[in-house]
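Novice: Input file: my_file15.cif. Contents: mmCIF, C-alpha atoms and all ligand atoms.
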data_protein
#
loop_
_atom_site.label_atom_id
_atom_site.label_comp_id
_atom_site.auth_asym_id
_atom_site.auth_seq_id
_atom_site.Cartn_x
_atom_site.Cartn_y
_atom_site.Cartn_z
CA MET A 895 -63.05 -186.80 -43.36
CA GLU A 896 -60.19 -189.14 -44.21
CA ARG A 897 -60.09 -192.70 -45.47
CA THR A 898 -57.39 -195.14 -44.46
CA PHE A 899 -56.47 -198.63 -45.54
CA VAL A 900 -56.37 -201.29 -42.83
CA ALA A 901 -55.70 -205.00 -43.27
CA VAL A 902 -55.79 -207.88 -40.85
CA LYS A 903 -52.70 -209.84 -41.93
CA PRO A 904 -52.62 -213.63 -42.46
CA ASP A 905 -51.43 -214.16 -38.86
CA GLY A 906 -54.30 -212.08 -37.48
CA VAL A 907 -56.79 -214.00 -39.62
CA GLN A 908 -55.42 -217.40 -38.53
CA ARG A 909 -55.46 -216.34 -34.89
CA GLY A 910 -59.14 -215.45 -35.12
CA LEU A 911 -58.65 -211.73 -34.46
CA CYS A 912 -60.72 -210.22 -37.30
CA GLY A 913 -63.75 -209.73 -35.08
CA GLU A 914 -61.75 -208.15 -32.26
CA ILE A 915 -60.07 -205.75 -34.69
CA ILE A 916 -63.29 -204.77 -36.47
CA LYS A 917 -64.90 -204.22 -33.07
CA ARG A 918 -62.22 -201.72 -32.06
CA PHE A 919 -62.68 -199.67 -35.22
CA GLU A 920 -66.47 -199.73 -34.92
CA GLN A 921 -66.36 -198.76 -31.25
CA ARG A 922 -63.98 -195.90 -31.93
CA GLY A 923 -66.61 -194.50 -34.28
CA PHE A 924 -65.05 -195.18 -37.66
CA LYS A 925 -67.23 -196.01 -40.64
CA LEU A 926 -66.48 -199.09 -42.72
CA VAL A 927 -66.73 -198.08 -46.38
CA ALA A 928 -65.15 -201.10 -48.11
CA ALA A 929 -64.02 -204.59 -47.13
CA LYS A 930 -62.95 -207.85 -48.72
CA PHE A 931 -61.45 -211.13 -47.58
CA ILE A 932 -58.80 -212.15 -50.10
CA GLN A 933 -55.50 -213.89 -50.62
CA ALA A 934 -53.27 -211.33 -52.37
CA SER A 935 -50.57 -212.36 -54.85
CA GLU A 936 -46.91 -211.90 -54.00
CA ASP A 937 -46.69 -209.26 -56.78
CA HIS A 938 -49.58 -207.35 -55.23
CA MET A 939 -47.79 -207.35 -51.86
CA LYS A 940 -44.53 -206.25 -53.52
CA GLN A 941 -46.41 -203.28 -54.92
CA HIS A 942 -48.09 -202.58 -51.58
CA TYR A 943 -44.74 -202.56 -49.73
CA LEU A 944 -42.71 -200.96 -52.56
CA ASP A 945 -41.29 -198.28 -50.20
CA LEU A 946 -39.55 -201.10 -48.29
CA LYS A 947 -38.00 -202.80 -51.33
CA ASP A 948 -34.43 -202.25 -50.09
CA MET A 949 -35.06 -203.67 -46.62
CA PRO A 950 -33.65 -207.12 -45.81
CA PHE A 951 -37.08 -208.37 -44.70
CA TYR A 952 -38.94 -207.21 -47.88
CA ALA A 953 -38.99 -210.57 -49.72
CA GLY A 954 -40.03 -212.55 -46.64
CA LEU A 955 -42.65 -209.96 -45.75
CA CYS A 956 -44.27 -210.08 -49.21
CA LYS A 957 -44.17 -213.88 -49.24
CA TYR A 958 -45.77 -214.03 -45.81
CA MET A 959 -48.44 -211.46 -46.63
CA SER A 960 -49.48 -213.53 -49.66
CA SER A 961 -49.37 -216.88 -47.82
CA GLY A 962 -53.00 -216.74 -46.72
CA PRO A 963 -56.10 -214.58 -46.74
CA VAL A 964 -56.17 -211.05 -45.37
CA LEU A 965 -59.14 -208.92 -44.38
CA ALA A 966 -58.69 -205.71 -46.40
CA MET A 967 -60.75 -202.72 -45.25
CA VAL A 968 -61.18 -199.01 -45.73
CA TRP A 969 -62.27 -197.05 -42.66
CA GLU A 970 -63.47 -193.46 -42.77
CA GLY A 971 -63.52 -190.76 -40.12
CA GLN A 972 -61.98 -187.54 -38.87
CA SER A 973 -58.16 -187.91 -38.74
CA ALA A 974 -58.61 -191.58 -39.64
CA VAL A 975 -54.98 -192.07 -40.73
CA LYS A 976 -53.39 -190.74 -37.54
CA LEU A 977 -55.93 -192.23 -35.15
CA THR A 978 -55.64 -195.64 -36.81
CA ARG A 979 -51.87 -195.61 -36.45
CA MET A 980 -52.29 -194.77 -32.76
CA MET A 981 -54.77 -197.64 -32.35
CA LEU A 982 -52.29 -200.04 -34.01
CA GLY A 983 -49.34 -199.21 -31.76
CA GLU A 984 -45.71 -199.33 -32.87
CA THR A 985 -44.42 -201.50 -35.72
CA ASN A 986 -42.67 -203.68 -33.14
CA PRO A 987 -45.28 -205.12 -30.74
CA ALA A 988 -42.61 -205.11 -28.03
CA ASP A 989 -42.64 -201.28 -28.17
CA SER A 990 -46.45 -201.03 -28.38
CA LYS A 991 -48.38 -199.84 -25.36
CA PRO A 992 -51.10 -201.97 -23.79
CA GLY A 993 -54.41 -200.78 -25.17
CA SER A 994 -53.13 -200.77 -28.75
CA VAL A 995 -53.93 -203.62 -31.13
CA ARG A 996 -50.31 -204.75 -31.34
CA GLY A 997 -49.67 -204.05 -27.65
CA ASP A 998 -52.59 -206.25 -26.65
CA LEU A 999 -52.67 -209.01 -29.24
CA CYS A 1000 -49.21 -209.93 -30.58
CA ILE A 1001 -45.53 -210.28 -29.72
CA ASN A 1002 -43.24 -210.46 -32.77
CA ILE A 1003 -42.41 -207.73 -35.34
CA GLY A 1004 -42.74 -210.16 -38.27
CA ARG A 1005 -46.16 -211.30 -37.05
CA ASN A 1006 -47.72 -208.01 -35.99
CA ILE A 1007 -51.23 -208.95 -37.24
CA ILE A 1008 -52.38 -205.65 -38.76
CA HIS A 1009 -51.50 -203.06 -41.37
CA GLY A 1010 -52.58 -199.42 -41.36
CA SER A 1011 -51.56 -196.64 -43.78
CA ASP A 1012 -48.92 -194.34 -42.27
CA THR A 1013 -49.73 -191.08 -44.11
CA LEU A 1014 -52.71 -189.62 -45.95
CA GLU A 1015 -50.75 -189.82 -49.22
CA ASN A 1016 -49.98 -193.52 -48.69
CA ALA A 1017 -53.56 -194.15 -47.59
CA LYS A 1018 -54.79 -192.84 -50.97
CA LYS A 1019 -52.29 -195.01 -52.84
CA GLU A 1020 -53.16 -198.13 -50.83
CA VAL A 1021 -56.93 -197.62 -51.07
CA ASP A 1022 -56.52 -197.33 -54.86
CA LEU A 1023 -54.27 -200.40 -55.03
CA TRP A 1024 -56.68 -202.63 -53.12
CA PHE A 1025 -60.15 -201.36 -54.11
CA LYS A 1026 -62.05 -200.33 -57.23
CA ALA A 1027 -64.52 -197.44 -57.16
CA GLU A 1028 -67.54 -199.78 -57.32
CA GLU A 1029 -66.40 -201.65 -54.20
CA PHE A 1030 -67.23 -198.75 -51.89
CA ALA A 1031 -70.50 -198.55 -49.97
CA ASN A 1032 -72.23 -195.19 -50.03
CA TYR A 1033 -74.23 -194.71 -46.83
CA THR A 1034 -74.54 -192.58 -43.71
CA LEU A 1035 -73.92 -193.99 -40.25
CA CYS A 1036 -76.89 -193.35 -37.96
CA SER A 1037 -74.36 -192.50 -35.20
CA GLN A 1038 -72.81 -189.73 -37.32
CA PRO A 1039 -74.42 -186.75 -35.46
CA PHE A 1040 -73.38 -188.29 -32.13
CA LEU A 1041 -69.77 -188.78 -33.19
CA TYR A 1042 -69.15 -185.31 -34.64
CA GLU A 1043 -70.33 -181.81 -33.75
P1 LIG B 1101 -45.83 -200.62 -40.19
O1 LIG B 1101 -46.53 -201.92 -40.52
O2 LIG B 1101 -45.93 -200.30 -38.72
O3 LIG B 1101 -46.25 -199.48 -41.06
P2 LIG B 1101 -43.37 -200.72 -41.76
O4 LIG B 1101 -44.16 -200.11 -42.86
O5 LIG B 1101 -42.08 -200.09 -41.37
O6 LIG B 1101 -44.26 -200.87 -40.43
O7 LIG B 1101 -43.06 -202.24 -42.12
C1 LIG B 1101 -44.03 -203.04 -42.73
C2 LIG B 1101 -44.05 -204.39 -42.07
O8 LIG B 1101 -42.79 -205.02 -42.27
C3 LIG B 1101 -44.22 -204.37 -40.55
O9 LIG B 1101 -45.57 -204.27 -40.15
C4 LIG B 1101 -43.61 -205.66 -40.16
C5 LIG B 1101 -42.47 -205.83 -41.15
N1 LIG B 1101 -41.21 -205.35 -40.58
C6 LIG B 1101 -40.86 -204.07 -40.35
N2 LIG B 1101 -39.64 -203.98 -39.80
C7 LIG B 1101 -39.22 -205.26 -39.68
C8 LIG B 1101 -38.03 -205.86 -39.17
N3 LIG B 1101 -37.04 -205.11 -38.69
N4 LIG B 1101 -37.95 -207.20 -39.20
C9 LIG B 1101 -38.95 -207.96 -39.69
N5 LIG B 1101 -40.10 -207.46 -40.19
C10 LIG B 1101 -40.23 -206.13 -40.17
MG MG B 1102 -45.94 -199.11 -43.07
#
As structure tokens, how would this structure be written, given the file I've shared?
Ligand code: DAT
Ligand code: MG

Specialist:
Amino acid sequence: MERTFVAVKPDGVQRGLCGEIIKRFEQRGFKLVAAKFIQASEDHMKQHYLDLKDMPFYAGLCKYMSSGPVLAMVWEGQSAVKLTRMMLGETNPADSKPGSVRGDLCINIGRNIIHGSDTLENAKKEVDLWFKAEEFANYTLCSQPFLYE
């Protein structure tokens, strides 16, 4: 089992897409193990996107990501990191296939509504950055034996 960090960005929140996004993860069979609705500080977003610090869009991205509330979540499941990235689509919505979150619900690269960890290593870092140990729910999904053999 893997855990991955997913966030509905401020644009996704304002556009009323939290429910649609949660629905897709639930329907796929992933288990929600942590969630919070918060406005992150610019410093927090700078840490979150540290790998991109040399990119020209870094400052604007961090400012935007801290401009309003985000829905931060941790989803658990088999190959959760890879499958989540496939569900998201490409970074640029214009390259994202219909059926993906970005391919169905947004248009512009700077307003691509959702974040998902890109590797297992980054997922661990991001989960630790956004959540404390006591913020995780410990439970078993009743659908578990019907999702996995
Ligand atoms: P992803 O969110 O698909 O992991 P990333 O980590 O490369 O993509 O970039 C983080 C976010 O930065 C991305 O979701 C949107 C923004 N971004 C990336 N490339 C951009 C660009 N060329 N212009 C504007 N914003 C960009
Ligand atoms: Mg990324």

Novice: Suppose you want the space between atom CA of Tyr943 of chain A and atom CA of Thr898 of chain A; what is it in Å?

Specialist: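 Pair atom CA of Tyr943 of chain A / atom CA of Thr898 of chain A returns 15.6 Å.
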
Novice: Between atom CA of Ala901 of chain A and atom CA of Gly954 of chain A, what is the distance, to one decimal in Å?

Specialist: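 Atom-to-atom, atom CA of Ala901 of chain A to atom CA of Gly954 of chain A, that is 17.7 Å.
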
Novice: Could you work out an axis-aligned bounding box for all listed atoms of ligand LIG 1101 (chain B), with 3 Å added on each of the six sides, and give its centre and edge lengths in Å to one decimal, as JSON?

Specialist:
{"center_x": -41.8, "center_y": -203.7, "center_z": -40.8, "size_x": 15.5, "size_y": 14.5, "size_z": 10.2}

Novice: Using all atoms listed in the file, which residues of chain A come within 9 Å of ligand MG 1102 (chain B), and what is the closest atom pair for each, with the distance in Å to one decimal? Give it as a Markdown table, sorted by chain and residue number.

Specialist:
| residue | atom | partner | partner_atom | distance |
| --- | --- | --- | --- | --- |
| A:Tyr943 | CA | B:MG1102 | MG | 7.6 |
| A:Asp945 | CA | B:MG1102 | MG | 8.6 |
| A:Leu946 | CA | B:MG1102 | MG | 8.5 |
| A:Thr985 | CA | B:MG1102 | MG | 7.9 |
| A:His1009 | CA | B:MG1102 | MG | 7.0 |
| A:Gly1010 | CA | B:MG1102 | MG | 6.9 |
| A:Ser1011 | CA | B:MG1102 | MG | 6.2 |
| A:Asp1012 | CA | B:MG1102 | MG | 5.7 |
| A:Thr1013 | CA | B:MG1102 | MG | 8.9 |
| A:Asn1016 | CA | B:MG1102 | MG | 8.9 |

Novice: Can I get the selection written as an mmCIF file, in the frame of the given file, with C-alpha atoms?

Specialist:
data_model
loop_
_atom_site.group_PDB
_atom_site.id
_atom_site.type_symbol
_atom_site.label_atom_id
_atom_site.label_comp_id
_atom_site.auth_asym_id
_atom_site.auth_seq_id
_atom_site.Cartn_x
_atom_site.Cartn_y
_atom_site.Cartn_z
ATOM 1 C CA TYR A 943 -44.740 -202.560 -49.730
ATOM 2 C CA ASP A 945 -41.290 -198.280 -50.200
ATOM 3 C CA LEU A 946 -39.550 -201.100 -48.290
ATOM 4 C CA THR A 985 -44.420 -201.500 -35.720
ATOM 5 C CA HIS A 1009 -51.500 -203.060 -41.370
ATOM 6 C CA GLY A 1010 -52.580 -199.420 -41.360
ATOM 7 C CA SER A 1011 -51.560 -196.640 -43.780
ATOM 8 C CA ASP A 1012 -48.920 -194.340 -42.270
ATOM 9 C CA THR A 1013 -49.730 -191.080 -44.110
ATOM 10 C CA ASN A 1016 -49.980 -193.520 -48.690
#

Novice: Pick out the residues sitting within 12 Å of Leu911 of chain A, and hand them over as a PyMOL selection string; count all atoms listed in the file, and ignore anything fewer than 6 positions along from it in its own chain.

Specialist: chain A and resi 901-905+917-918+964-965+995-996+998-1000+1006-1008

Novice: Determine the nearest neighbour of Arg922 of chain A from the options A:Cys1036, A:Leu1014, A:Leu1041, A:Cys956, counting all atoms listed in the file.

Specialist: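 The shortest atom-to-atom distance to Arg922 of chain A comes from A:Leu1041.
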